[in-house]
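Novice: Quick one, model-v4.txt (compact mmCIF, N, CA and C atoms):
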# COMPACT_ATOMS: atom_id res chain seq x y z
N MET A 1 79.72 97.60 83.03
CA MET A 1 79.49 96.37 82.29
C MET A 1 78.57 95.48 83.11
N LYS A 2 77.67 94.81 82.41
CA LYS A 2 76.79 93.86 83.09
C LYS A 2 77.03 92.46 82.54
N TYR A 3 76.50 91.48 83.21
CA TYR A 3 76.65 90.11 82.74
C TYR A 3 75.30 89.42 82.77
N VAL A 4 75.19 88.42 81.92
CA VAL A 4 73.98 87.62 81.83
C VAL A 4 74.41 86.17 81.65
N PHE A 5 73.79 85.29 82.40
CA PHE A 5 74.06 83.86 82.25
C PHE A 5 73.31 83.33 81.02
N HIS A 6 73.94 82.46 80.29
CA HIS A 6 73.23 81.70 79.26
C HIS A 6 72.20 80.86 80.02
N PRO A 7 70.99 80.69 79.49
CA PRO A 7 69.96 79.92 80.23
C PRO A 7 70.44 78.54 80.68
N ALA A 8 71.16 77.83 79.83
CA ALA A 8 71.65 76.50 80.22
C ALA A 8 72.70 76.60 81.33
N ALA A 9 73.53 77.63 81.27
CA ALA A 9 74.55 77.82 82.30
C ALA A 9 73.90 78.18 83.64
N LEU A 10 72.84 78.97 83.59
CA LEU A 10 72.14 79.33 84.82
C LEU A 10 71.51 78.10 85.47
N ILE A 11 70.96 77.23 84.66
CA ILE A 11 70.39 75.98 85.20
C ILE A 11 71.48 75.14 85.83
N GLU A 12 72.60 74.99 85.13
CA GLU A 12 73.72 74.19 85.66
C GLU A 12 74.26 74.79 86.96
N TYR A 13 74.40 76.10 87.00
CA TYR A 13 74.88 76.78 88.20
C TYR A 13 73.91 76.58 89.36
N SER A 14 72.63 76.76 89.10
CA SER A 14 71.60 76.59 90.15
C SER A 14 71.59 75.17 90.69
N GLN A 15 71.72 74.20 89.79
CA GLN A 15 71.75 72.80 90.23
C GLN A 15 72.99 72.50 91.07
N ALA A 16 74.11 73.08 90.70
CA ALA A 16 75.34 72.87 91.48
C ALA A 16 75.19 73.47 92.87
N VAL A 17 74.65 74.68 92.96
CA VAL A 17 74.45 75.31 94.26
C VAL A 17 73.51 74.46 95.11
N GLU A 18 72.43 74.00 94.51
CA GLU A 18 71.48 73.16 95.23
C GLU A 18 72.14 71.87 95.72
N PHE A 19 72.93 71.23 94.87
CA PHE A 19 73.62 70.00 95.24
C PHE A 19 74.54 70.25 96.44
N TYR A 20 75.38 71.29 96.35
CA TYR A 20 76.29 71.60 97.45
C TYR A 20 75.52 71.94 98.73
N ALA A 21 74.46 72.70 98.60
CA ALA A 21 73.67 73.11 99.77
C ALA A 21 73.04 71.92 100.48
N GLU A 22 72.63 70.91 99.72
CA GLU A 22 72.04 69.71 100.33
C GLU A 22 73.06 68.95 101.17
N HIS A 23 74.34 69.06 100.81
CA HIS A 23 75.38 68.32 101.50
C HIS A 23 76.12 69.15 102.54
N ASN A 24 76.34 70.42 102.23
CA ASN A 24 77.10 71.26 103.15
C ASN A 24 76.91 72.72 102.75
N ARG A 25 76.21 73.47 103.59
CA ARG A 25 75.92 74.88 103.26
C ARG A 25 77.17 75.73 103.15
N GLU A 26 78.17 75.44 103.94
CA GLU A 26 79.42 76.21 103.86
C GLU A 26 80.11 76.01 102.51
N VAL A 27 80.12 74.78 102.05
CA VAL A 27 80.71 74.48 100.74
C VAL A 27 79.90 75.17 99.64
N ALA A 28 78.60 75.17 99.79
CA ALA A 28 77.75 75.86 98.81
C ALA A 28 78.08 77.34 98.76
N GLN A 29 78.25 77.95 99.92
CA GLN A 29 78.58 79.38 99.96
C GLN A 29 79.96 79.65 99.38
N GLU A 30 80.91 78.77 99.64
CA GLU A 30 82.25 78.90 99.05
C GLU A 30 82.18 78.81 97.53
N PHE A 31 81.35 77.92 97.03
CA PHE A 31 81.16 77.77 95.58
C PHE A 31 80.57 79.06 94.99
N ILE A 32 79.53 79.58 95.62
CA ILE A 32 78.90 80.82 95.15
C ILE A 32 79.92 81.95 95.16
N ASN A 33 80.66 82.08 96.25
CA ASN A 33 81.67 83.14 96.35
C ASN A 33 82.72 83.02 95.27
N SER A 34 83.14 81.80 94.99
CA SER A 34 84.16 81.57 93.97
C SER A 34 83.66 82.00 92.59
N VAL A 35 82.43 81.62 92.27
CA VAL A 35 81.85 82.00 90.98
C VAL A 35 81.67 83.51 90.90
N GLU A 36 81.12 84.11 91.95
CA GLU A 36 80.90 85.56 91.94
C GLU A 36 82.22 86.33 91.85
N ASN A 37 83.22 85.91 92.59
CA ASN A 37 84.52 86.59 92.51
C ASN A 37 85.11 86.50 91.11
N THR A 38 84.94 85.36 90.48
CA THR A 38 85.43 85.19 89.11
C THR A 38 84.67 86.09 88.15
N ILE A 39 83.37 86.17 88.31
CA ILE A 39 82.57 87.06 87.46
C ILE A 39 83.03 88.51 87.63
N PHE A 40 83.27 88.94 88.86
CA PHE A 40 83.72 90.31 89.10
C PHE A 40 85.09 90.57 88.48
N GLN A 41 85.96 89.56 88.49
CA GLN A 41 87.26 89.70 87.85
C GLN A 41 87.12 89.83 86.33
N VAL A 42 86.23 89.06 85.76
CA VAL A 42 85.98 89.15 84.32
C VAL A 42 85.42 90.52 83.96
N ILE A 43 84.51 91.02 84.77
CA ILE A 43 83.95 92.34 84.52
C ILE A 43 85.03 93.41 84.60
N LYS A 44 85.91 93.28 85.56
CA LYS A 44 86.97 94.27 85.76
C LYS A 44 88.03 94.21 84.66
N PHE A 45 88.38 93.00 84.23
CA PHE A 45 89.43 92.80 83.22
C PHE A 45 88.93 91.85 82.12
N PRO A 46 87.98 92.27 81.32
CA PRO A 46 87.35 91.34 80.36
C PRO A 46 88.28 90.77 79.29
N LEU A 47 89.36 91.45 78.98
CA LEU A 47 90.27 90.96 77.92
C LEU A 47 91.43 90.13 78.46
N ARG A 48 91.45 89.92 79.75
CA ARG A 48 92.59 89.25 80.39
C ARG A 48 92.72 87.77 80.03
N TRP A 49 91.61 87.08 79.84
CA TRP A 49 91.66 85.64 79.64
C TRP A 49 91.65 85.29 78.16
N PRO A 50 92.21 84.15 77.83
CA PRO A 50 92.40 83.81 76.41
C PRO A 50 91.11 83.45 75.69
N ILE A 51 91.13 83.73 74.41
CA ILE A 51 90.05 83.29 73.53
C ILE A 51 90.30 81.80 73.26
N VAL A 52 89.27 81.01 73.46
CA VAL A 52 89.41 79.57 73.27
C VAL A 52 88.62 79.04 72.08
N GLU A 53 87.70 79.85 71.61
CA GLU A 53 86.87 79.41 70.48
C GLU A 53 86.24 80.65 69.85
N GLU A 54 86.65 81.00 68.66
CA GLU A 54 86.21 82.20 67.97
C GLU A 54 86.32 83.42 68.88
N TYR A 55 85.23 83.88 69.43
CA TYR A 55 85.23 85.06 70.30
C TYR A 55 84.94 84.72 71.76
N VAL A 56 84.90 83.46 72.09
CA VAL A 56 84.59 83.01 73.46
C VAL A 56 85.87 82.90 74.27
N ARG A 57 85.82 83.46 75.47
CA ARG A 57 86.96 83.42 76.38
C ARG A 57 86.66 82.48 77.54
N ARG A 58 87.71 82.04 78.21
CA ARG A 58 87.56 81.10 79.33
C ARG A 58 88.38 81.57 80.51
N CYS A 59 87.73 81.63 81.66
CA CYS A 59 88.39 82.04 82.90
C CYS A 59 88.15 80.97 83.96
N LEU A 60 89.21 80.47 84.55
CA LEU A 60 89.08 79.49 85.63
C LEU A 60 88.80 80.20 86.94
N THR A 61 87.99 79.56 87.78
CA THR A 61 87.79 80.10 89.13
C THR A 61 89.09 79.94 89.91
N LEU A 62 89.20 80.64 91.02
CA LEU A 62 90.44 80.59 91.80
C LEU A 62 90.81 79.18 92.22
N ASN A 63 89.82 78.37 92.53
CA ASN A 63 90.11 76.99 92.93
C ASN A 63 90.19 76.06 91.72
N SER A 64 90.00 76.60 90.53
CA SER A 64 90.12 75.88 89.25
C SER A 64 89.19 74.67 89.13
N LYS A 65 88.14 74.62 89.92
CA LYS A 65 87.21 73.50 89.81
C LYS A 65 86.25 73.69 88.64
N ILE A 66 85.97 74.93 88.32
CA ILE A 66 85.10 75.20 87.17
C ILE A 66 85.68 76.36 86.38
N SER A 67 85.18 76.52 85.19
CA SER A 67 85.60 77.65 84.38
C SER A 67 84.37 78.39 83.88
N LEU A 68 84.53 79.66 83.70
CA LEU A 68 83.47 80.47 83.13
C LEU A 68 83.83 80.76 81.68
N TRP A 69 82.92 80.48 80.81
CA TRP A 69 83.08 80.77 79.39
C TRP A 69 82.24 82.00 79.13
N TYR A 70 82.81 82.98 78.45
CA TYR A 70 82.09 84.22 78.23
C TYR A 70 82.52 84.88 76.94
N PHE A 71 81.70 85.81 76.50
CA PHE A 71 82.09 86.65 75.38
C PHE A 71 81.67 88.07 75.71
N ILE A 72 82.32 89.00 75.06
CA ILE A 72 82.06 90.42 75.28
C ILE A 72 81.12 90.89 74.18
N HIS A 73 80.00 91.38 74.61
CA HIS A 73 79.00 91.88 73.67
C HIS A 73 79.06 93.39 73.66
N ASN A 74 79.30 93.96 72.50
CA ASN A 74 79.39 95.42 72.40
C ASN A 74 78.05 96.05 72.13
Mind turning this structure into structure tokens?
Specialist:
Amino acid sequence: MKYVFHPAALIEYSQAVEFYAEHNREVAQEFINSVENTIFQVIKFPLRWPIVEEYVRRCLTLNSKISLWYFIHN
């Protein structure tokens, strides 16, 4: 399974990484790791998280600061 960011989500993610990196590179790396780990969990168990809107699912990161909204495309 592969994943693709929605263009708006990719912009938001990039801006967040840039913001954290300007203030603290370690925090930026922790943020990146948290998002990537969550993505890998979604890839591994795509049906695990609840549907919150039609076919869109929501998964919180481990630190619950952000959530990933996704859908499964067949």
Novice: Enumerate the residues of chain A with a DSSP assignment of strand (DSSP E or B), computed from the backbone, and present them as a VMD selection string.
Specialist: chain A and resid 51 to 53 56 to 60 67 to 70
Novice: How many Å lie between CA of Ile72 (chain A) and CA of Glu18 (chain A), rounded to one decimal?
Specialist: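 CA of Glu18 (chain A) lies at a distance of 28.4 Å from CA of Ile72 (chain A).
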Novice: Please run DSSP on the backbone and report, as a ChimeraX atom specification, all residues within chain A that come out as helix (DSSP H, G or I).
Specialist: /A:7-23,25-44
Novice: For Lys2 (chain A), find every residue with an atom within 10 Å (counting only C-alpha atoms), except residues of its own chain fewer than 3 positions away, and show them as number ranges by chain.
Specialist: A: 39-40, 43, 73
Novice: Excluding region 6-15 of chain A and any residue of its chain fewer than 5 positions from it, enumerate the residues within 12 Å of it, using only C-alpha atoms, and give them as a list of chain:residue names.
Specialist: A:Tyr20, A:Ala21, A:Glu22, A:Ala28, A:Phe31, A:Ile32, A:Ser34, A:Val35, A:Glu36, A:Ile66, A:Ser67, A:Leu68, A:Trp69, A:Tyr70, A:Phe71
Novice: Keeping only N, CA and C atoms, take the residues you just selected and write them out as a tab-separated table (two decimals), keeping the file's coordinate frame.
Specialist:
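Generated file (result22.tsv):
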chain	number	residue	atom	x	y	z
A	20	TYR	N	75.38	71.29	96.35
A	20	TYR	CA	76.29	71.60	97.45
A	20	TYR	C	75.52	71.94	98.73
A	21	ALA	N	74.46	72.70	98.60
A	21	ALA	CA	73.67	73.11	99.77
A	21	ALA	C	73.04	71.92	100.48
A	22	GLU	N	72.63	70.91	99.72
A	22	GLU	CA	72.04	69.71	100.33
A	22	GLU	C	73.06	68.95	101.17
A	28	ALA	N	78.60	75.17	99.79
A	28	ALA	CA	77.75	75.86	98.81
A	28	ALA	C	78.08	77.34	98.76
A	31	PHE	N	81.35	77.92	97.03
A	31	PHE	CA	81.16	77.77	95.58
A	31	PHE	C	80.57	79.06	94.99
A	32	ILE	N	79.53	79.58	95.62
A	32	ILE	CA	78.90	80.82	95.15
A	32	ILE	C	79.92	81.95	95.16
A	34	SER	N	83.14	81.80	94.99
A	34	SER	CA	84.16	81.57	93.97
A	34	SER	C	83.66	82.00	92.59
A	35	VAL	N	82.43	81.62	92.27
A	35	VAL	CA	81.85	82.00	90.98
A	35	VAL	C	81.67	83.51	90.90
A	36	GLU	N	81.12	84.11	91.95
A	36	GLU	CA	80.90	85.56	91.94
A	36	GLU	C	82.22	86.33	91.85
A	66	ILE	N	85.97	74.93	88.32
A	66	ILE	CA	85.10	75.20	87.17
A	66	ILE	C	85.68	76.36	86.38
A	67	SER	N	85.18	76.52	85.19
A	67	SER	CA	85.60	77.65	84.38
A	67	SER	C	84.37	78.39	83.88
A	68	LEU	N	84.53	79.66	83.70
A	68	LEU	CA	83.47	80.47	83.13
A	68	LEU	C	83.83	80.76	81.68
A	69	TRP	N	82.92	80.48	80.81
A	69	TRP	CA	83.08	80.77	79.39
A	69	TRP	C	82.24	82.00	79.13
A	70	TYR	N	82.81	82.98	78.45
A	70	TYR	CA	82.09	84.22	78.23
A	70	TYR	C	82.52	84.88	76.94
A	71	PHE	N	81.70	85.81	76.50
A	71	PHE	CA	82.09	86.65	75.38
A	71	PHE	C	81.67	88.07	75.71
Novice: What does the distance from atom N of Met1 (chain A) to atom N of Glu54 (chain A) come to in Å, to one decimal?
Specialist: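 Atom N of Glu54 (chain A) lies 23.0 Å from atom N of Met1 (chain A).
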Novice: Interatomic distance between CA of Val17 (chain A) and CA of Gln29 (chain A)?
Specialist: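 A separation of 8.1 Å between them.
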